[in-house]
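entry_10.pdb (PDB, C-alpha atoms)
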ATOM      1  CA  MET K 389      10.696 -41.015  30.789
ATOM      2  CA  ASP K 390       7.712 -43.165  29.859
ATOM      3  CA  GLU K 391       7.973 -46.722  28.646
ATOM      4  CA  VAL K 392       7.793 -45.907  24.936
ATOM      5  CA  ALA K 393      10.396 -43.172  25.230
ATOM      6  CA  LYS K 394      12.649 -45.635  27.015
ATOM      7  CA  ARG K 395      12.204 -48.174  24.196
ATOM      8  CA  ILE K 396      13.021 -45.500  21.632
ATOM      9  CA  ALA K 397      16.070 -44.330  23.578
ATOM     10  CA  ASP K 398      17.327 -47.929  23.701
ATOM     11  CA  ILE K 399      16.845 -48.374  19.956
ATOM     12  CA  ILE K 400      18.643 -45.127  19.163
ATOM     13  CA  ALA K 401      21.491 -45.984  21.522
ATOM     14  CA  GLY K 402      21.798 -49.442  19.998
ATOM     15  CA  ASP K 403      23.122 -48.462  16.560
ATOM     16  CA  ASP K 404      25.168 -45.592  15.142
ATOM     17  CA  VAL K 405      22.641 -44.855  12.406
ATOM     18  CA  VAL K 406      18.945 -45.468  12.950
ATOM     19  CA  LEU K 407      16.154 -44.634  10.509
ATOM     20  CA  PHE K 408      12.551 -44.638  11.701
ATOM     21  CA  MET K 409      10.507 -45.172   8.558
ATOM     22  CA  LYS K 410       7.296 -46.458   7.050
ATOM     23  CA  GLY K 411       7.933 -49.915   5.634
ATOM     24  CA  THR K 412      11.301 -51.580   5.272
ATOM     25  CA  ARG K 413      14.387 -50.691   3.266
ATOM     26  CA  PHE K 414      13.286 -53.288   0.724
ATOM     27  CA  PHE K 415       9.649 -52.223   0.664
ATOM     28  CA  PRO K 416       9.326 -48.593   1.762
ATOM     29  CA  GLN K 417       5.654 -47.625   2.125
ATOM     30  CA  CYS K 418       6.052 -43.906   1.547
ATOM     31  CA  GLY K 419       7.988 -41.725  -0.875
ATOM     32  CA  PHE K 420       9.773 -39.824   1.874
ATOM     33  CA  SER K 421      10.943 -43.017   3.581
ATOM     34  CA  SER K 422      12.002 -44.391   0.222
ATOM     35  CA  ARG K 423      14.133 -41.323  -0.426
ATOM     36  CA  ALA K 424      15.743 -41.535   3.020
ATOM     37  CA  VAL K 425      16.704 -45.171   2.390
ATOM     38  CA  ALA K 426      18.051 -44.311  -1.068
ATOM     39  CA  ILE K 427      20.344 -41.644   0.398
ATOM     40  CA  LEU K 428      21.749 -43.940   3.083
ATOM     41  CA  GLU K 429      22.206 -46.791   0.621
ATOM     42  CA  HIS K 430      23.900 -44.477  -1.845
ATOM     43  CA  LEU K 431      26.345 -43.498   0.881
ATOM     44  CA  GLY K 432      26.918 -47.150   1.736
ATOM     45  CA  VAL K 433      26.181 -46.525   5.393
ATOM     46  CA  PRO K 434      25.133 -49.423   7.596
ATOM     47  CA  PHE K 435      21.914 -48.502   9.355
ATOM     48  CA  ARG K 436      19.140 -50.002  11.385
ATOM     49  CA  GLU K 437      15.634 -49.360  10.124
ATOM     50  CA  VAL K 438      12.597 -49.337  12.377
ATOM     51  CA  ASP K 439       9.302 -49.856  10.578
ATOM     52  CA  VAL K 440       6.834 -47.718  12.508
ATOM     53  CA  LEU K 441       3.911 -49.293  10.663
ATOM     54  CA  GLN K 442       4.630 -52.487  12.605
ATOM     55  CA  ASP K 443       4.512 -50.697  15.952
ATOM     56  CA  PRO K 444       1.800 -48.095  16.628
ATOM     57  CA  GLU K 445       3.378 -47.164  19.984
ATOM     58  CA  ILE K 446       6.670 -46.278  18.355
ATOM     59  CA  ARG K 447       4.877 -44.558  15.482
ATOM     60  CA  GLN K 448       3.253 -42.093  17.884
ATOM     61  CA  GLY K 449       6.051 -42.098  20.427
ATOM     62  CA  ILE K 450       8.796 -41.120  18.021
ATOM     63  CA  LYS K 451       6.923 -37.932  17.101
ATOM     64  CA  ALA K 452       6.852 -36.828  20.723
ATOM     65  CA  TYR K 453      10.366 -38.060  21.406
ATOM     66  CA  SER K 454      12.025 -35.512  19.143
ATOM     67  CA  ASN K 455       9.150 -33.062  18.885
ATOM     68  CA  TRP K 456       9.020 -33.854  15.181
ATOM     69  CA  PRO K 457       5.645 -34.619  13.630
ATOM     70  CA  THR K 458       6.694 -36.595  10.593
ATOM     71  CA  ILE K 459       8.390 -39.814   9.557
ATOM     72  CA  PRO K 460      11.070 -40.717   8.433
ATOM     73  CA  GLN K 461      13.458 -39.568  11.152
ATOM     74  CA  LEU K 462      17.203 -40.098  11.067
ATOM     75  CA  TYR K 463      19.392 -40.444  14.166
ATOM     76  CA  VAL K 464      23.182 -40.546  14.129
ATOM     77  CA  LYS K 465      25.051 -41.463  17.292
ATOM     78  CA  GLY K 466      21.943 -40.837  19.316
ATOM     79  CA  GLU K 467      21.312 -37.369  17.877
ATOM     80  CA  PHE K 468      18.262 -36.426  15.839
ATOM     81  CA  VAL K 469      19.412 -35.242  12.407
ATOM     82  CA  GLY K 470      16.132 -34.575  10.620
ATOM     83  CA  GLY K 471      13.582 -35.904   8.162
ATOM     84  CA  SER K 472      13.937 -36.654   4.468
ATOM     85  CA  ASP K 473      14.002 -33.019   3.297
ATOM     86  CA  ILE K 474      16.849 -32.245   5.667
ATOM     87  CA  MET K 475      18.645 -35.455   4.698
ATOM     88  CA  MET K 476      18.411 -34.494   1.026
ATOM     89  CA  GLU K 477      19.599 -30.926   1.611
ATOM     90  CA  MET K 478      22.520 -32.168   3.716
ATOM     91  CA  PHE K 479      23.349 -34.861   1.166
ATOM     92  CA  GLU K 480      23.370 -32.363  -1.694
ATOM     93  CA  GLY K 481      25.662 -30.061   0.264
ATOM     94  CA  GLY K 482      28.007 -32.851   1.351
ATOM     95  CA  GLU K 483      27.109 -32.217   4.990
ATOM     96  CA  LEU K 484      25.581 -35.622   5.590
ATOM     97  CA  GLN K 485      28.723 -37.330   4.353
ATOM     98  CA  ALA K 486      30.791 -35.094   6.635
ATOM     99  CA  LEU K 487      28.564 -35.840   9.611
ATOM    100  CA  LEU K 488      28.844 -39.580   9.042
ATOM    101  CA  GLU K 489      32.593 -39.403   8.541
ATOM    102  CA  GLU K 490      32.939 -37.408  11.702
ATOM    103  CA  ALA K 491      30.997 -40.089  13.504
ATOM    104  CA  ARG K 492      33.382 -42.635  11.980
ATOM    105  CA  ILE K 493      30.611 -44.523  10.307
ATOM    106  CA  GLY K 494      30.669 -46.196   6.944
ATOM    107  CA  SER K 495      33.130 -47.712   4.564
ATOM    108  CA  ALA K 496      36.176 -46.265   6.323
ATOM    109  CA  ASP K 497      35.544 -48.504   9.330
TER
ATOM    110  CA  MET J 193     -11.675 -28.656   6.905
ATOM    111  CA  ALA J 194     -11.995 -26.963   3.566
ATOM    112  CA  GLY J 195      -9.227 -25.001   1.905
ATOM    113  CA  ILE J 196      -6.182 -26.641   3.460
ATOM    114  CA  GLU J 197      -3.848 -25.000   0.994
ATOM    115  CA  GLU J 198      -5.194 -21.557   1.903
ATOM    116  CA  GLU J 199      -4.988 -22.394   5.583
ATOM    117  CA  ILE J 200      -1.314 -23.382   5.209
ATOM    118  CA  ARG J 201      -0.615 -20.060   3.478
ATOM    119  CA  ARG J 202      -2.471 -18.087   6.100
ATOM    120  CA  ARG J 203      -0.717 -19.778   9.040
ATOM    121  CA  LEU J 204       2.764 -19.428   7.592
ATOM    122  CA  ALA J 205       2.208 -15.827   6.543
ATOM    123  CA  GLU J 206       1.105 -15.037  10.076
ATOM    124  CA  ALA J 207       3.801 -17.018  11.906
ATOM    125  CA  LEU J 208       6.831 -16.245   9.746
ATOM    126  CA  ALA J 209       6.129 -13.070   7.758
ATOM    127  CA  PRO J 210       7.774 -14.747   4.753
ATOM    128  CA  SER J 211       9.491 -12.798   1.991
ATOM    129  CA  ARG J 212       8.640 -15.732  -0.282
ATOM    130  CA  LEU J 213       6.012 -18.411   0.179
ATOM    131  CA  GLU J 214       5.156 -21.169  -2.256
ATOM    132  CA  VAL J 215       2.573 -23.796  -1.444
ATOM    133  CA  VAL J 216       2.051 -26.449  -4.082
ATOM    134  CA  ASN J 217      -0.687 -29.006  -3.735
ATOM    135  CA  GLU J 218       0.797 -32.280  -4.983
ATOM    136  CA  SER J 219      -2.082 -34.449  -3.855
ATOM    137  CA  ALA J 220      -3.025 -35.417  -7.386
ATOM    138  CA  LEU J 221       0.410 -36.993  -7.819
ATOM    139  CA  HIS J 222      -0.373 -39.322  -4.943
ATOM    140  CA  ALA J 223      -3.953 -40.238  -5.809
ATOM    141  CA  GLY J 224      -4.532 -43.859  -4.920
ATOM    142  CA  HIS J 225      -1.277 -44.192  -2.992
ATOM    143  CA  ALA J 226      -1.008 -44.933   0.707
ATOM    144  CA  GLY J 227      -1.874 -41.729   2.548
ATOM    145  CA  ASP J 228      -4.278 -40.489  -0.116
ATOM    146  CA  ASP J 229      -7.571 -39.839   1.629
ATOM    147  CA  GLY J 230      -9.382 -38.715  -1.490
ATOM    148  CA  SER J 231      -9.670 -35.131  -0.209
ATOM    149  CA  GLY J 232      -7.356 -33.773  -2.889
ATOM    150  CA  GLU J 233      -5.630 -31.755  -0.146
ATOM    151  CA  SER J 234      -3.304 -34.189   1.597
ATOM    152  CA  HIS J 235       0.142 -33.744   0.036
ATOM    153  CA  PHE J 236       1.925 -30.401  -0.166
ATOM    154  CA  ARG J 237       5.286 -28.961  -1.143
ATOM    155  CA  VAL J 238       6.148 -25.749   0.661
ATOM    156  CA  THR J 239       9.014 -23.317   0.195
ATOM    157  CA  VAL J 240       9.330 -20.564   2.782
ATOM    158  CA  GLU J 241      11.846 -17.753   2.807
ATOM    159  CA  SER J 242      11.793 -15.804   6.049
ATOM    160  CA  ALA J 243      14.102 -13.626   8.090
ATOM    161  CA  ALA J 244      12.888 -15.673  11.066
ATOM    162  CA  PHE J 245      15.126 -18.518   9.816
ATOM    163  CA  ALA J 246      18.346 -16.510   9.833
ATOM    164  CA  GLY J 247      20.909 -18.042  12.145
ATOM    165  CA  LEU J 248      18.844 -21.164  12.737
ATOM    166  CA  GLY J 249      19.769 -24.721  11.777
ATOM    167  CA  ARG J 250      17.637 -26.889   9.526
ATOM    168  CA  VAL J 251      15.864 -28.681  12.337
ATOM    169  CA  ALA J 252      14.997 -25.458  14.165
ATOM    170  CA  ARG J 253      13.628 -23.919  10.958
ATOM    171  CA  GLN J 254      11.371 -26.847  10.201
ATOM    172  CA  ARG J 255      10.209 -26.896  13.819
ATOM    173  CA  LEU J 256       8.903 -23.339  13.385
ATOM    174  CA  VAL J 257       6.904 -24.450  10.353
ATOM    175  CA  ASN J 258       5.742 -27.656  12.007
ATOM    176  CA  ALA J 259       4.585 -25.729  15.065
ATOM    177  CA  ALA J 260       2.527 -23.335  12.947
ATOM    178  CA  LEU J 261       0.896 -26.272  11.164
ATOM    179  CA  ALA J 262       0.775 -28.739  14.067
ATOM    180  CA  ASP J 263      -2.914 -29.607  14.015
ATOM    181  CA  LEU J 264      -2.939 -29.817  10.214
ATOM    182  CA  LEU J 265      -0.022 -32.267  10.281
ATOM    183  CA  ALA J 266      -1.811 -34.309  12.922
ATOM    184  CA  GLY J 267      -4.919 -34.330  10.739
ATOM    185  CA  PRO J 268      -5.590 -33.732   7.060
ATOM    186  CA  VAL J 269      -2.033 -33.137   5.852
ATOM    187  CA  HIS J 270      -0.363 -36.488   5.274
ATOM    188  CA  ALA J 271       2.778 -35.261   3.582
ATOM    189  CA  LEU J 272       4.674 -31.992   3.632
ATOM    190  CA  ALA J 273       7.882 -31.489   1.685
ATOM    191  CA  LEU J 274       9.619 -28.462   3.147
ATOM    192  CA  ARG J 275      12.327 -26.065   2.085
ATOM    193  CA  CYS J 276      13.133 -23.349   4.621
ATOM    194  CA  LEU J 277      15.379 -20.517   3.483
ATOM    195  CA  ALA J 278      16.671 -17.348   5.050
ATOM    196  CA  PRO J 279      16.777 -14.295   2.752
ATOM    197  CA  GLY J 280      19.775 -14.444   0.431
ATOM    198  CA  GLU J 281      20.110 -18.220   0.490
ATOM    199  CA  ASP J 282      19.761 -20.202  -2.730
ATOM    200  CA  GLY J 283      16.340 -21.598  -3.271
TER
END
Rewrite the structure from the file as structure tokens, please.
Amino acid sequence: MDEVAKRIADIIAGDDVVLFMKGTRFFPQCGFSSRAVAILEHLGVPFREVDVLQDPEIRQGIKAYSNWPTIPQLYVKGEFVGGSDIMMEMFEGGELQALLEEARIGSAD
Amino acid sequence: MAGIEEEIRRRLAEALAPSRLEVVNESALHAGHAGDDGSGESHFRVTVESAAFAGLGRVARQRLVNAALADLLAGPVHALALRCLAPGEDG
């Protein structure tokens, strides 16, 4: 594993819910990232955000890490869940809530 | 590259033999925003219905689309909103 992949693995292992995004939760710099934040905030889930615009290595590295060419990317308990379209589809179907509950994350803690 | 929208259609038709394929160029909605390169072909919304998606999870489905469009996503296409359906699923 190269150095960037190791950094990413450490970040993902460090929190139950990690969102790689453009900008911050307060100032998202892209509509897709903004939507991903809105979903997580609506669910009241604590999450760590990683602003890839502040770190070009991570910005490129995260695409290779999960073989996923776009940002945002959501990870739950170390597993890649998907981007904003998948988050929205799962949210609408109640699957995202179920996944987070299964992982024992959120207000029930 | 000219005709990005056509190229997206061509690639997906070839890779996935879709029973339904909608490619909407939403670039005008993003004119002047971050990611707008002025080309008028940077932001797309794509709906694909294909038997190739049957039995696959959401991530695997999008990976098929992303693979078919890899160089476009690494280049002129800045944003791609995707909906991947198997035949018979609600769209």
List every residue of chain K that has an atom at most 10 Å from any atom of chain J, giving for each one its closest atom pair and the distance in Å to one decimal, counting all atoms listed in the file, sorted by chain and then by ascending residue number, as JSON lines.
{"residue": "K:Gln417", "atom": "CA", "partner": "J:Ala226", "partner_atom": "CA", "distance": 7.3}
{"residue": "K:Cys418", "atom": "CA", "partner": "J:Ala226", "partner_atom": "CA", "distance": 7.2}
{"residue": "K:Gly419", "atom": "CA", "partner": "J:Ala271", "partner_atom": "CA", "distance": 9.4}
{"residue": "K:Phe420", "atom": "CA", "partner": "J:Ala271", "partner_atom": "CA", "distance": 8.5}
{"residue": "K:Asn455", "atom": "CA", "partner": "J:Arg255", "partner_atom": "CA", "distance": 8.1}
{"residue": "K:Trp456", "atom": "CA", "partner": "J:Arg255", "partner_atom": "CA", "distance": 7.2}
{"residue": "K:Pro457", "atom": "CA", "partner": "J:Leu265", "partner_atom": "CA", "distance": 7.0}
{"residue": "K:Thr458", "atom": "CA", "partner": "J:Leu265", "partner_atom": "CA", "distance": 8.0}
{"residue": "K:Ile459", "atom": "CA", "partner": "J:Ala271", "partner_atom": "CA", "distance": 9.4}
{"residue": "K:Phe468", "atom": "CA", "partner": "J:Val251", "partner_atom": "CA", "distance": 8.8}
{"residue": "K:Val469", "atom": "CA", "partner": "J:Val251", "partner_atom": "CA", "distance": 7.5}
{"residue": "K:Gly470", "atom": "CA", "partner": "J:Val251", "partner_atom": "CA", "distance": 6.1}
{"residue": "K:Gly471", "atom": "CA", "partner": "J:Val251", "partner_atom": "CA", "distance": 8.6}
{"residue": "K:Ser472", "atom": "CA", "partner": "J:Ala273", "partner_atom": "CA", "distance": 8.4}
{"residue": "K:Asp473", "atom": "CA", "partner": "J:Leu274", "partner_atom": "CA", "distance": 6.3}
{"residue": "K:Ile474", "atom": "CA", "partner": "J:Arg250", "partner_atom": "CA", "distance": 6.6}
{"residue": "K:Met475", "atom": "CA", "partner": "J:Arg250", "partner_atom": "CA", "distance": 9.9}
{"residue": "K:Glu477", "atom": "CA", "partner": "J:Arg275", "partner_atom": "CA", "distance": 8.8}
{"residue": "K:Met478", "atom": "CA", "partner": "J:Arg250", "partner_atom": "CA", "distance": 9.2}
- Message: Taking (-1.0, -25.1, 8.8) in the coordinates of the supplied file, I want to know which residues reach to within 6 Å of it, counting all atoms listed in the file; could you give the answer as a count of residues only?
- Response: 6
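Using only C-alpha atoms, the residues found no farther than 12 Å from Tyr453 of chain K, other than those of its own chain fewer than 2 positions away, are Met389, Asp390, Glu391, Val392, Ala393, Lys394, Arg395, Ile396, Ala397, Ile400, Phe408, Glu445, Ile446, Arg447, Gln448, Gly449, Ile450, Lys451, Asn455, Trp456, Pro457, Thr458, Gln461, Tyr463, Glu467 and Phe468 of chain K.
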- Query: Written as a list in words, which residues does the PyMOL selection byres ((chain K and resi 412) around 9) give for the file shown?
  - Reply: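 So the PyMOL selection byres ((chain K and resi 412) around 9) ends up selecting Met409, Lys410, Gly411, Arg413, Phe414, Phe415, Pro416, Gln417, Ser421, Ser422, Val425, Glu437, Val438 and Asp439 of chain K.
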If the PyMOL selection byres ((chain K and resi 488) around 12) were run on this exact file, what residues would it hold? Put them as a PDB file with C-alpha atoms, in the coordinates of the input.
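The result, written out as part_14.pdb:
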ATOM      1  CA  ASP K 404      25.168 -45.592  15.142  1.00  0.00           C
ATOM      2  CA  VAL K 405      22.641 -44.855  12.406  1.00  0.00           C
ATOM      3  CA  LEU K 428      21.749 -43.940   3.083  1.00  0.00           C
ATOM      4  CA  LEU K 431      26.345 -43.498   0.881  1.00  0.00           C
ATOM      5  CA  GLY K 432      26.918 -47.150   1.736  1.00  0.00           C
ATOM      6  CA  VAL K 433      26.181 -46.525   5.393  1.00  0.00           C
ATOM      7  CA  PRO K 434      25.133 -49.423   7.596  1.00  0.00           C
ATOM      8  CA  PHE K 435      21.914 -48.502   9.355  1.00  0.00           C
ATOM      9  CA  LEU K 462      17.203 -40.098  11.067  1.00  0.00           C
ATOM     10  CA  TYR K 463      19.392 -40.444  14.166  1.00  0.00           C
ATOM     11  CA  VAL K 464      23.182 -40.546  14.129  1.00  0.00           C
ATOM     12  CA  LYS K 465      25.051 -41.463  17.292  1.00  0.00           C
ATOM     13  CA  GLU K 467      21.312 -37.369  17.877  1.00  0.00           C
ATOM     14  CA  VAL K 469      19.412 -35.242  12.407  1.00  0.00           C
ATOM     15  CA  MET K 475      18.645 -35.455   4.698  1.00  0.00           C
ATOM     16  CA  MET K 478      22.520 -32.168   3.716  1.00  0.00           C
ATOM     17  CA  PHE K 479      23.349 -34.861   1.166  1.00  0.00           C
ATOM     18  CA  GLY K 482      28.007 -32.851   1.351  1.00  0.00           C
ATOM     19  CA  GLU K 483      27.109 -32.217   4.990  1.00  0.00           C
ATOM     20  CA  LEU K 484      25.581 -35.622   5.590  1.00  0.00           C
ATOM     21  CA  GLN K 485      28.723 -37.330   4.353  1.00  0.00           C
ATOM     22  CA  ALA K 486      30.791 -35.094   6.635  1.00  0.00           C
ATOM     23  CA  LEU K 487      28.564 -35.840   9.611  1.00  0.00           C
ATOM     24  CA  GLU K 489      32.593 -39.403   8.541  1.00  0.00           C
ATOM     25  CA  GLU K 490      32.939 -37.408  11.702  1.00  0.00           C
ATOM     26  CA  ALA K 491      30.997 -40.089  13.504  1.00  0.00           C
ATOM     27  CA  ARG K 492      33.382 -42.635  11.980  1.00  0.00           C
ATOM     28  CA  ILE K 493      30.611 -44.523  10.307  1.00  0.00           C
ATOM     29  CA  GLY K 494      30.669 -46.196   6.944  1.00  0.00           C
ATOM     30  CA  SER K 495      33.130 -47.712   4.564  1.00  0.00           C
ATOM     31  CA  ALA K 496      36.176 -46.265   6.323  1.00  0.00           C
ATOM     32  CA  ASP K 497      35.544 -48.504   9.330  1.00  0.00           C
TER      33      ASP K 497
END
- Which value, in Å to one decimal, gives the distance between atom CA of Gly280 of chain J and atom CA of Ser454 of chain K?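 The value is 29.2 Å.
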- Message: Just to confirm, what's the straight-line distance from atom CA of Asp398 of chain K to atom CA of Arg253 of chain J in Å (one decimal)?
- Response: 27.4 Å
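Here the PyMOL selection byres ((chain J and resi 197) around 9) catches exactly these residues: Ala194, Gly195, Ile196, Glu198, Glu199, Ile200, Arg201, Arg202, Val215, Val216, Asn217, Glu233 and Phe236 of chain J.
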- Of the candidates J:Arg237, J:Gly230, J:Glu281, J:Pro268, which shows the shortest atom-to-atom distance to Leu213 of chain J, using only C-alpha atoms?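 The answer is J:Arg237, which sits nearest to Leu213 of chain J.
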Please output segment 419-431 of chain K, rebuilt to include N, CA, C and O atoms, as a PDB file, in the frame of the given file.
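result-v9.pdb, freshly written:
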ATOM      1  N   GLY K 419       6.941 -42.309  -0.041  1.00  0.00           N
ATOM      2  CA  GLY K 419       7.988 -41.725  -0.875  1.00  0.00           C
ATOM      3  C   GLY K 419       9.114 -41.082  -0.077  1.00  0.00           C
ATOM      4  O   GLY K 419      10.279 -41.142  -0.466  1.00  0.00           O
ATOM      5  N   PHE K 420       8.758 -40.492   1.056  1.00  0.00           N
ATOM      6  CA  PHE K 420       9.773 -39.824   1.874  1.00  0.00           C
ATOM      7  C   PHE K 420      10.711 -40.854   2.511  1.00  0.00           C
ATOM      8  O   PHE K 420      11.927 -40.669   2.546  1.00  0.00           O
ATOM      9  N   SER K 421      10.124 -41.946   2.993  1.00  0.00           N
ATOM     10  CA  SER K 421      10.943 -43.017   3.581  1.00  0.00           C
ATOM     11  C   SER K 421      11.819 -43.649   2.509  1.00  0.00           C
ATOM     12  O   SER K 421      12.987 -43.979   2.744  1.00  0.00           O
ATOM     13  N   SER K 422      11.264 -43.805   1.330  1.00  0.00           N
ATOM     14  CA  SER K 422      12.002 -44.391   0.222  1.00  0.00           C
ATOM     15  C   SER K 422      13.225 -43.543  -0.122  1.00  0.00           C
ATOM     16  O   SER K 422      14.321 -44.051  -0.362  1.00  0.00           O
ATOM     17  N   ARG K 423      13.035 -42.232  -0.101  1.00  0.00           N
ATOM     18  CA  ARG K 423      14.133 -41.323  -0.426  1.00  0.00           C
ATOM     19  C   ARG K 423      15.216 -41.371   0.655  1.00  0.00           C
ATOM     20  O   ARG K 423      16.402 -41.354   0.362  1.00  0.00           O
ATOM     21  N   ALA K 424      14.780 -41.460   1.912  1.00  0.00           N
ATOM     22  CA  ALA K 424      15.743 -41.535   3.020  1.00  0.00           C
ATOM     23  C   ALA K 424      16.602 -42.801   2.895  1.00  0.00           C
ATOM     24  O   ALA K 424      17.828 -42.751   3.063  1.00  0.00           O
ATOM     25  N   VAL K 425      15.970 -43.917   2.569  1.00  0.00           N
ATOM     26  CA  VAL K 425      16.704 -45.171   2.390  1.00  0.00           C
ATOM     27  C   VAL K 425      17.675 -45.038   1.218  1.00  0.00           C
ATOM     28  O   VAL K 425      18.845 -45.444   1.305  1.00  0.00           O
ATOM     29  N   ALA K 426      17.201 -44.440   0.125  1.00  0.00           N
ATOM     30  CA  ALA K 426      18.051 -44.311  -1.068  1.00  0.00           C
ATOM     31  C   ALA K 426      19.313 -43.506  -0.756  1.00  0.00           C
ATOM     32  O   ALA K 426      20.404 -43.839  -1.227  1.00  0.00           O
ATOM     33  N   ILE K 427      19.182 -42.465   0.041  1.00  0.00           N
ATOM     34  CA  ILE K 427      20.344 -41.644   0.398  1.00  0.00           C
ATOM     35  C   ILE K 427      21.338 -42.466   1.213  1.00  0.00           C
ATOM     36  O   ILE K 427      22.537 -42.483   0.912  1.00  0.00           O
ATOM     37  N   LEU K 428      20.846 -43.155   2.230  1.00  0.00           N
ATOM     38  CA  LEU K 428      21.749 -43.940   3.083  1.00  0.00           C
ATOM     39  C   LEU K 428      22.401 -45.068   2.294  1.00  0.00           C
ATOM     40  O   LEU K 428      23.591 -45.360   2.461  1.00  0.00           O
ATOM     41  N   GLU K 429      21.636 -45.702   1.416  1.00  0.00           N
ATOM     42  CA  GLU K 429      22.206 -46.791   0.621  1.00  0.00           C
ATOM     43  C   GLU K 429      23.227 -46.258  -0.374  1.00  0.00           C
ATOM     44  O   GLU K 429      24.257 -46.880  -0.615  1.00  0.00           O
ATOM     45  N   HIS K 430      22.945 -45.087  -0.922  1.00  0.00           N
ATOM     46  CA  HIS K 430      23.900 -44.477  -1.845  1.00  0.00           C
ATOM     47  C   HIS K 430      25.227 -44.195  -1.144  1.00  0.00           C
ATOM     48  O   HIS K 430      26.299 -44.332  -1.728  1.00  0.00           O
ATOM     49  N   LEU K 431      25.143 -43.805   0.109  1.00  0.00           N
ATOM     50  CA  LEU K 431      26.345 -43.498   0.881  1.00  0.00           C
ATOM     51  C   LEU K 431      27.018 -44.759   1.425  1.00  0.00           C
ATOM     52  O   LEU K 431      28.114 -44.694   1.972  1.00  0.00           O
TER      53      LEU K 431
END
